[in-house]
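Colleague: See upload.pdb below, with PDB, C-alpha atoms and all ligand atoms.
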```pdb
ATOM      1  CA  MET A   1      -9.263 -90.782  26.874
ATOM      2  CA  ASN A   2      -6.830 -88.444  25.183
ATOM      3  CA  THR A   3      -8.188 -85.300  26.762
ATOM      4  CA  GLN A   4      -5.573 -83.674  28.941
ATOM      5  CA  LYS A   5      -6.835 -83.407  32.506
ATOM      6  CA  ASN A   6      -3.397 -82.824  33.890
ATOM      7  CA  GLY A   7      -3.726 -80.775  37.049
ATOM      8  CA  ARG A   8      -7.209 -81.703  38.155
ATOM      9  CA  THR A   9      -7.998 -79.945  41.420
ATOM     10  CA  GLY A  10     -10.124 -80.909  44.379
ATOM     11  CA  ARG A  11     -11.191 -79.973  47.879
ATOM     12  CA  CYS A  12     -12.885 -81.193  51.020
ATOM     13  CA  LEU A  13     -16.429 -80.169  51.913
ATOM     14  CA  CYS A  14     -15.457 -77.124  53.999
ATOM     15  CA  GLY A  15     -12.702 -76.070  51.585
ATOM     16  CA  GLU A  16      -9.892 -75.863  54.182
ATOM     17  CA  VAL A  17      -8.030 -78.595  52.301
ATOM     18  CA  THR A  18      -7.466 -78.263  48.582
ATOM     19  CA  PHE A  19      -5.196 -80.234  46.300
ATOM     20  CA  ALA A  20      -3.918 -80.486  42.753
ATOM     21  CA  LEU A  21      -2.847 -83.531  40.792
ATOM     22  CA  THR A  22       0.317 -83.455  38.730
ATOM     23  CA  GLU A  23      -0.669 -86.081  36.178
ATOM     24  CA  ASP A  24      -3.484 -87.008  33.853
ATOM     25  CA  ILE A  25      -5.753 -89.574  35.497
ATOM     26  CA  ASP A  26      -9.146 -90.779  34.339
ATOM     27  CA  GLU A  27      -9.438 -94.234  35.895
ATOM     28  CA  VAL A  28     -11.546 -94.833  38.982
ATOM     29  CA  GLY A  29     -11.538 -98.065  40.915
ATOM     30  CA  VAL A  30     -13.534 -99.120  43.925
ATOM     31  CA  CYS A  31     -12.535-101.091  46.997
ATOM     32  CA  HIS A  32     -15.177-103.174  48.726
ATOM     33  CA  CYS A  33     -12.997-104.207  51.681
ATOM     34  CA  GLU A  34     -14.384-104.109  55.180
ATOM     35  CA  MET A  35     -11.911-101.423  56.323
ATOM     36  CA  CYS A  36     -12.646 -99.047  53.443
ATOM     37  CA  ARG A  37     -16.390 -99.419  53.854
ATOM     38  CA  ARG A  38     -16.202 -98.767  57.582
ATOM     39  CA  TRP A  39     -13.915 -95.765  57.047
ATOM     40  CA  ALA A  40     -15.688 -94.165  54.097
ATOM     41  CA  GLY A  41     -19.218 -95.132  55.037
ATOM     42  CA  ALA A  42     -19.458 -96.679  51.580
ATOM     43  CA  PRO A  43     -17.283 -98.618  49.169
ATOM     44  CA  TRP A  44     -14.138 -96.521  48.636
ATOM     45  CA  PHE A  45     -14.052 -95.046  45.145
ATOM     46  CA  ALA A  46     -10.481 -94.165  44.345
ATOM     47  CA  ILE A  47      -8.094 -92.680  41.828
ATOM     48  CA  HIS A  48      -4.546 -93.951  42.163
ATOM     49  CA  CYS A  49      -1.998 -91.140  41.794
ATOM     50  CA  LYS A  50       1.476 -92.338  40.853
ATOM     51  CA  LYS A  51       2.943 -88.833  40.907
ATOM     52  CA  PRO A  52       2.963 -86.389  43.843
ATOM     53  CA  VAL A  53      -0.193 -84.551  44.874
ATOM     54  CA  SER A  54       0.176 -81.022  46.206
ATOM     55  CA  PHE A  55      -2.011 -80.180  49.175
ATOM     56  CA  ASP A  56      -2.956 -76.814  50.603
ATOM     57  CA  GLY A  57      -4.266 -76.727  54.172
ATOM     58  CA  GLU A  58      -2.048 -79.614  55.321
ATOM     59  CA  GLN A  59      -2.556 -78.454  58.934
ATOM     60  CA  HIS A  60      -6.206 -79.520  58.676
ATOM     61  CA  ILE A  61      -5.392 -83.018  57.439
ATOM     62  CA  VAL A  62      -5.630 -85.714  60.099
ATOM     63  CA  ARG A  63      -3.764 -88.918  59.237
ATOM     64  CA  PHE A  64      -4.668 -92.305  60.682
ATOM     65  CA  GLN A  65      -2.362 -95.248  60.083
ATOM     66  CA  SER A  66      -4.798 -98.065  59.332
ATOM     67  CA  SER A  67      -2.281-100.820  58.593
ATOM     68  CA  ASP A  68       1.456-101.484  58.505
ATOM     69  CA  TRP A  69       1.555-100.273  54.911
ATOM     70  CA  ALA A  70      -0.981 -97.461  54.644
ATOM     71  CA  GLU A  71      -2.527 -94.410  56.241
ATOM     72  CA  ARG A  72      -5.827 -92.663  55.632
ATOM     73  CA  GLY A  73      -6.341 -88.927  55.683
ATOM     74  CA  PHE A  74      -9.376 -86.789  56.339
ATOM     75  CA  CYS A  75     -10.147 -83.122  56.946
ATOM     76  CA  GLY A  76     -10.151 -82.497  60.695
ATOM     77  CA  ASN A  77     -12.604 -79.644  60.241
ATOM     78  CA  CYS A  78     -15.361 -81.193  58.115
ATOM     79  CA  GLY A  79     -14.521 -84.906  58.150
ATOM     80  CA  THR A  80     -14.241 -85.394  54.393
ATOM     81  CA  ASN A  81     -12.333 -88.579  53.591
ATOM     82  CA  LEU A  82      -9.465 -87.382  51.410
ATOM     83  CA  PHE A  83      -7.068 -90.227  50.731
ATOM     84  CA  TYR A  84      -5.594 -93.632  51.338
ATOM     85  CA  ARG A  85      -1.791 -93.410  51.111
ATOM     86  CA  LEU A  86       0.735 -96.190  50.613
ATOM     87  CA  LEU A  87       3.552 -95.573  53.079
ATOM     88  CA  ALA A  88       6.289 -97.326  51.112
ATOM     89  CA  SER A  89       5.784 -95.451  47.860
ATOM     90  CA  GLY A  90       4.097 -92.316  49.216
ATOM     91  CA  GLU A  91       1.423 -92.692  46.548
ATOM     92  CA  TYR A  92      -1.965 -91.111  47.204
ATOM     93  CA  ILE A  93      -5.220 -92.828  46.367
ATOM     94  CA  LEU A  94      -7.799 -90.071  46.354
ATOM     95  CA  SER A  95     -11.564 -89.944  46.296
ATOM     96  CA  PRO A  96     -12.817 -88.920  42.846
ATOM     97  CA  PHE A  97     -15.761 -87.263  44.580
ATOM     98  CA  THR A  98     -13.456 -84.575  45.984
ATOM     99  CA  LEU A  99     -12.460 -83.496  42.458
ATOM    100  CA  ASP A 100     -13.829 -80.184  41.213
ATOM    101  CA  ASP A 101     -14.254 -81.548  37.701
ATOM    102  CA  GLN A 102     -15.391 -85.161  37.571
ATOM    103  CA  SER A 103     -15.913 -85.249  33.823
ATOM    104  CA  GLU A 104     -14.266 -87.921  31.697
ATOM    105  CA  LEU A 105     -13.644 -90.360  34.505
ATOM    106  CA  SER A 106     -14.213 -94.033  33.881
ATOM    107  CA  PHE A 107     -14.974 -96.818  36.312
ATOM    108  CA  THR A 108     -12.344 -99.420  35.508
ATOM    109  CA  GLY A 109     -12.102-101.948  38.321
ATOM    110  CA  GLN A 110     -13.329-103.349  41.624
ATOM    111  CA  ILE A 111     -11.079-104.866  44.267
ATOM    112  CA  PHE A 112     -11.719-106.974  47.357
ATOM    113  CA  ILE A 113     -14.816-108.207  45.572
ATOM    114  CA  ASP A 114     -14.801-111.175  47.959
ATOM    115  CA  GLU A 115     -15.469-108.800  50.879
ATOM    116  CA  LYS A 116     -18.400-107.063  49.174
ATOM    117  CA  PRO A 117     -21.628-107.580  51.117
ATOM    118  CA  GLU A 118     -24.342-109.461  49.273
ATOM    119  CA  TRP A 119     -26.875-106.669  49.589
ATOM    120  CA  TYR A 120     -25.466-104.329  46.931
ATOM    121  CA  ALA A 121     -23.814-104.627  43.517
ATOM    122  CA  PHE A 122     -22.812-102.095  40.869
ATOM    123  CA  ALA A 123     -24.297-102.426  37.397
ATOM    124  CA  ASN A 124     -21.019-101.277  35.754
ATOM    125  CA  GLU A 125     -19.233-104.194  34.161
ATOM    126  CA  THR A 126     -15.616-103.970  35.298
ATOM    127  CA  PRO A 127     -12.809-106.405  35.999
ATOM    128  CA  THR A 128     -12.757-107.540  39.630
ATOM    129  CA  MET A 129     -10.037-108.824  41.957
ATOM    130  CA  THR A 130     -10.250-110.627  45.269
ATOM    131  CA  GLY A 131      -8.267-109.439  48.264
ATOM    132  CA  ALA A 132      -5.790-112.295  47.791
ATOM    133  CA  GLU A 133      -5.261-111.282  44.162
ATOM    134  CA  VAL A 134      -4.650-107.673  45.193
ATOM    135  CA  PHE A 135      -2.067-108.648  47.805
ATOM    136  CA  ALA A 136      -0.357-110.974  45.310
ATOM    137  CA  MET A 137      -0.149-108.135  42.814
ATOM    138  CA  TYR A 138       1.082-105.433  45.176
ATOM    139  CA  ALA A 139       3.092-107.351  47.751
ATOM    140  CA  PRO A 140       6.359-107.495  45.758
ATOM    141  CA  LYS A 141       6.195-103.785  44.916
ATOM    142  CA  GLU A 142       4.907-102.427  48.197
ATOM    143  CA  GLU A 143       6.832-104.895  50.331
ATOM    144  CA  GLY A 144       3.652-106.042  52.034
TER
HETATM  145 ZN    ZN A 201     -12.757 -79.774  55.298
HETATM  146 ZN    ZN A 202     -10.243-101.256  50.898
END
```
Can you dump the structure from the file as structure tokens?
Ligand SMILES: [Zn+2]
Ligand SMILES: [Zn+2]

Modeller:
Amino acid sequence: MNTQKNGRTGRCLCGEVTFALTEDIDEVGVCHCEMCRRWAGAPWFAIHCKKPVSFDGEQHIVRFQSSDWAERGFCGNCGTNLFYRLLASGEYILSPFTLDDQSELSFTGQIFIDEKPEWYAFANETPTMTGAEVFAMYAPKEEG
């Protein structure tokens, strides 16, 4: 994955919200947790941005604080789920499906596998983590 995709761009369905990444990201993970599935209407596929993301159309973004440590954003005009954002670090976790160019992405992990319903499973072979493992990994950094 040496291809430079620095500056991938994306948008919501209606196009009122657009964004640009400021780093090269090709890894996509998925979260099977109950909250993500209820929010996204599906498991939440996500790309974790460590560097800032620049948004255009911020006035259309509706933010909902879903826990003590995170908020979720969607377009108030068309309803596209845009991001999960960690409040402590400010990091955005965006949907890869909002990217304009989804080439050269790879599916690299599944979290909250213990909350995944029995009735579906992805054929991709990826590492998995339980919710407890995720909290153990992030708790020291994100301060819970
Ligand atoms: Zn929209
Ligand atoms: Zn989740």

Colleague: I need the residue set behind the PyMOL selection byres (((chain A and resi 80-83) around 9) and not hetatm) for this file; please write it as a PDB file with C-alpha atoms, keeping the file's coordinate frame.

Modeller:
```pdb
ATOM      1  CA  ARG A  11     -11.191 -79.973  47.879  1.00  0.00           C
ATOM      2  CA  CYS A  12     -12.885 -81.193  51.020  1.00  0.00           C
ATOM      3  CA  LEU A  13     -16.429 -80.169  51.913  1.00  0.00           C
ATOM      4  CA  CYS A  14     -15.457 -77.124  53.999  1.00  0.00           C
ATOM      5  CA  VAL A  17      -8.030 -78.595  52.301  1.00  0.00           C
ATOM      6  CA  TRP A  39     -13.915 -95.765  57.047  1.00  0.00           C
ATOM      7  CA  ALA A  40     -15.688 -94.165  54.097  1.00  0.00           C
ATOM      8  CA  ALA A  46     -10.481 -94.165  44.345  1.00  0.00           C
ATOM      9  CA  ILE A  61      -5.392 -83.018  57.439  1.00  0.00           C
ATOM     10  CA  GLU A  71      -2.527 -94.410  56.241  1.00  0.00           C
ATOM     11  CA  ARG A  72      -5.827 -92.663  55.632  1.00  0.00           C
ATOM     12  CA  GLY A  73      -6.341 -88.927  55.683  1.00  0.00           C
ATOM     13  CA  PHE A  74      -9.376 -86.789  56.339  1.00  0.00           C
ATOM     14  CA  CYS A  75     -10.147 -83.122  56.946  1.00  0.00           C
ATOM     15  CA  GLY A  76     -10.151 -82.497  60.695  1.00  0.00           C
ATOM     16  CA  ASN A  77     -12.604 -79.644  60.241  1.00  0.00           C
ATOM     17  CA  CYS A  78     -15.361 -81.193  58.115  1.00  0.00           C
ATOM     18  CA  GLY A  79     -14.521 -84.906  58.150  1.00  0.00           C
ATOM     19  CA  TYR A  84      -5.594 -93.632  51.338  1.00  0.00           C
ATOM     20  CA  ARG A  85      -1.791 -93.410  51.111  1.00  0.00           C
ATOM     21  CA  TYR A  92      -1.965 -91.111  47.204  1.00  0.00           C
ATOM     22  CA  ILE A  93      -5.220 -92.828  46.367  1.00  0.00           C
ATOM     23  CA  LEU A  94      -7.799 -90.071  46.354  1.00  0.00           C
ATOM     24  CA  SER A  95     -11.564 -89.944  46.296  1.00  0.00           C
ATOM     25  CA  THR A  98     -13.456 -84.575  45.984  1.00  0.00           C
TER      26      THR A  98
END
```

Colleague: Between CA of Asp56 (chain A) and CA of Glu16 (chain A), what is the distance, to one decimal in Å?

Modeller: 7.9 Å

Colleague: Take the PyMOL selection byres (((not hetatm)) within 7 of (chain A and resi 202)), apply it to the structure above, and return the hits as a PyMOL selection string.

Modeller: chain A and resi 31-36+44+112

Colleague: I'd like to know which of A:Arg37, A:Thr22, A:His60, A:Glu27 is closest to ligand ZN 201 (chain A), using all atoms listed in the file.

Modeller: A:His60

Colleague: Could you work out how far CA of Glu125 (chain A) lies from CA of Cys49 (chain A), giving the answer in Å with one decimal?

Modeller: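 Value for the CA of Cys49 (chain A)-CA of Glu125 (chain A) distance: 22.9 Å.
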
Colleague: Counting only C-alpha atoms, note down every residue that has an atom within 10 Å of the point (9.0, -92.3, 44.8) (file coordinates), as a PyMOL selection string.

Modeller: chain A and resi 50-52+88-91

Colleague: Selection from above, C-alpha atoms, as a PDB file, in the frame of the given file, can you write it?

Modeller:
```pdb
ATOM      1  CA  LYS A  50       1.476 -92.338  40.853  1.00  0.00           C
ATOM      2  CA  LYS A  51       2.943 -88.833  40.907  1.00  0.00           C
ATOM      3  CA  PRO A  52       2.963 -86.389  43.843  1.00  0.00           C
ATOM      4  CA  ALA A  88       6.289 -97.326  51.112  1.00  0.00           C
ATOM      5  CA  SER A  89       5.784 -95.451  47.860  1.00  0.00           C
ATOM      6  CA  GLY A  90       4.097 -92.316  49.216  1.00  0.00           C
ATOM      7  CA  GLU A  91       1.423 -92.692  46.548  1.00  0.00           C
TER       8      GLU A  91
END
```

Colleague: Could you tell me how far CA of Ile113 (chain A) sits from CA of Glu23 (chain A), in Å to one decimal place?

Modeller: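 Those two atoms sit 27.9 Å apart.
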
Colleague: With distances taken over only C-alpha atoms and all ligand atoms, which residue among A:Val62, A:Val30, A:Val134, A:Ala70 lies nearest ligand ZN 201 (chain A)?

Modeller: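 Closest candidate: A:Val62.
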
Colleague: Which is closest to ligand ZN 201 (chain A) among A:Glu58, A:Met137, A:Ala121, A:Gly29, if we use all atoms listed in the file?

Modeller: A:Glu58

Colleague: Counting only C-alpha atoms, which residue out of A:Gly15, A:Gly7, A:Pro43, A:Gly57 sits closest to Phe122 (chain A)?

Modeller: A:Pro43

Colleague: Build an axis-aligned box that encloses every atom of region 93-112 of chain A listed in the file, pad it by 4 Å on each side, and report its centre and edge lengths in Å to one decimal, as lines of an AutoDock Vina configuration file.

Modeller:
```
center_x = -10.6
center_y = -93.6
center_z = 39.5
size_x = 18.7
size_y = 34.8
size_z = 23.7
```

Colleague: Using only C-alpha atoms and all ligand atoms, can you tell me which of A:His48, A:Leu87, A:Glu133, A:Gln59 comes closest to ligand ZN 201 (chain A)?

Modeller: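 Smallest distance to ligand ZN 201 (chain A) is found for A:Gln59.
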
Colleague: Restricting the calculation to all atoms listed in the file: of A:Gly10, A:Ala123, A:Leu105, A:Pro96, which residue gets closest to ligand ZN 201 (chain A)?

Modeller: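 Ranking A:Gly10, A:Ala123, A:Leu105, A:Pro96 by distance to ligand ZN 201 (chain A), first place goes to A:Gly10.
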
Colleague: Please provide the set of residues having any atom within 10 Å of Ser106 (chain A), restricted to only C-alpha atoms, with same-chain residues fewer than 4 positions apart removed, written as a ChimeraX atom specification.

Modeller: /A:1,25-29,102

Colleague: Find the residues near Thr126 (chain A): any atom within 10 Å, counting all atoms listed in the file, skip ones fewer than 5 places away on the same chain, and give them as a count of residues only.

Modeller: 5

Colleague: As a check of understanding, name the residues that the PyMOL selection byres (((chain A and resi 20) around 8) and not hetatm) selects in the supplied structure, as number ranges by chain.

Modeller: A: 7-10, 18-19, 21-22, 53-55

Colleague: Would you save the residues of that selection, restricted to C-alpha atoms, as a compact mmCIF listing (two decimals), in the coordinates of the input?

Modeller:
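Written out: selection-v5.txt:
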```txt
# COMPACT_ATOMS: atom_id res chain seq x y z
CA GLY A 7 -3.73 -80.78 37.05
CA ARG A 8 -7.21 -81.70 38.16
CA THR A 9 -8.00 -79.94 41.42
CA GLY A 10 -10.12 -80.91 44.38
CA THR A 18 -7.47 -78.26 48.58
CA PHE A 19 -5.20 -80.23 46.30
CA LEU A 21 -2.85 -83.53 40.79
CA THR A 22 0.32 -83.46 38.73
CA VAL A 53 -0.19 -84.55 44.87
CA SER A 54 0.18 -81.02 46.21
CA PHE A 55 -2.01 -80.18 49.18
```
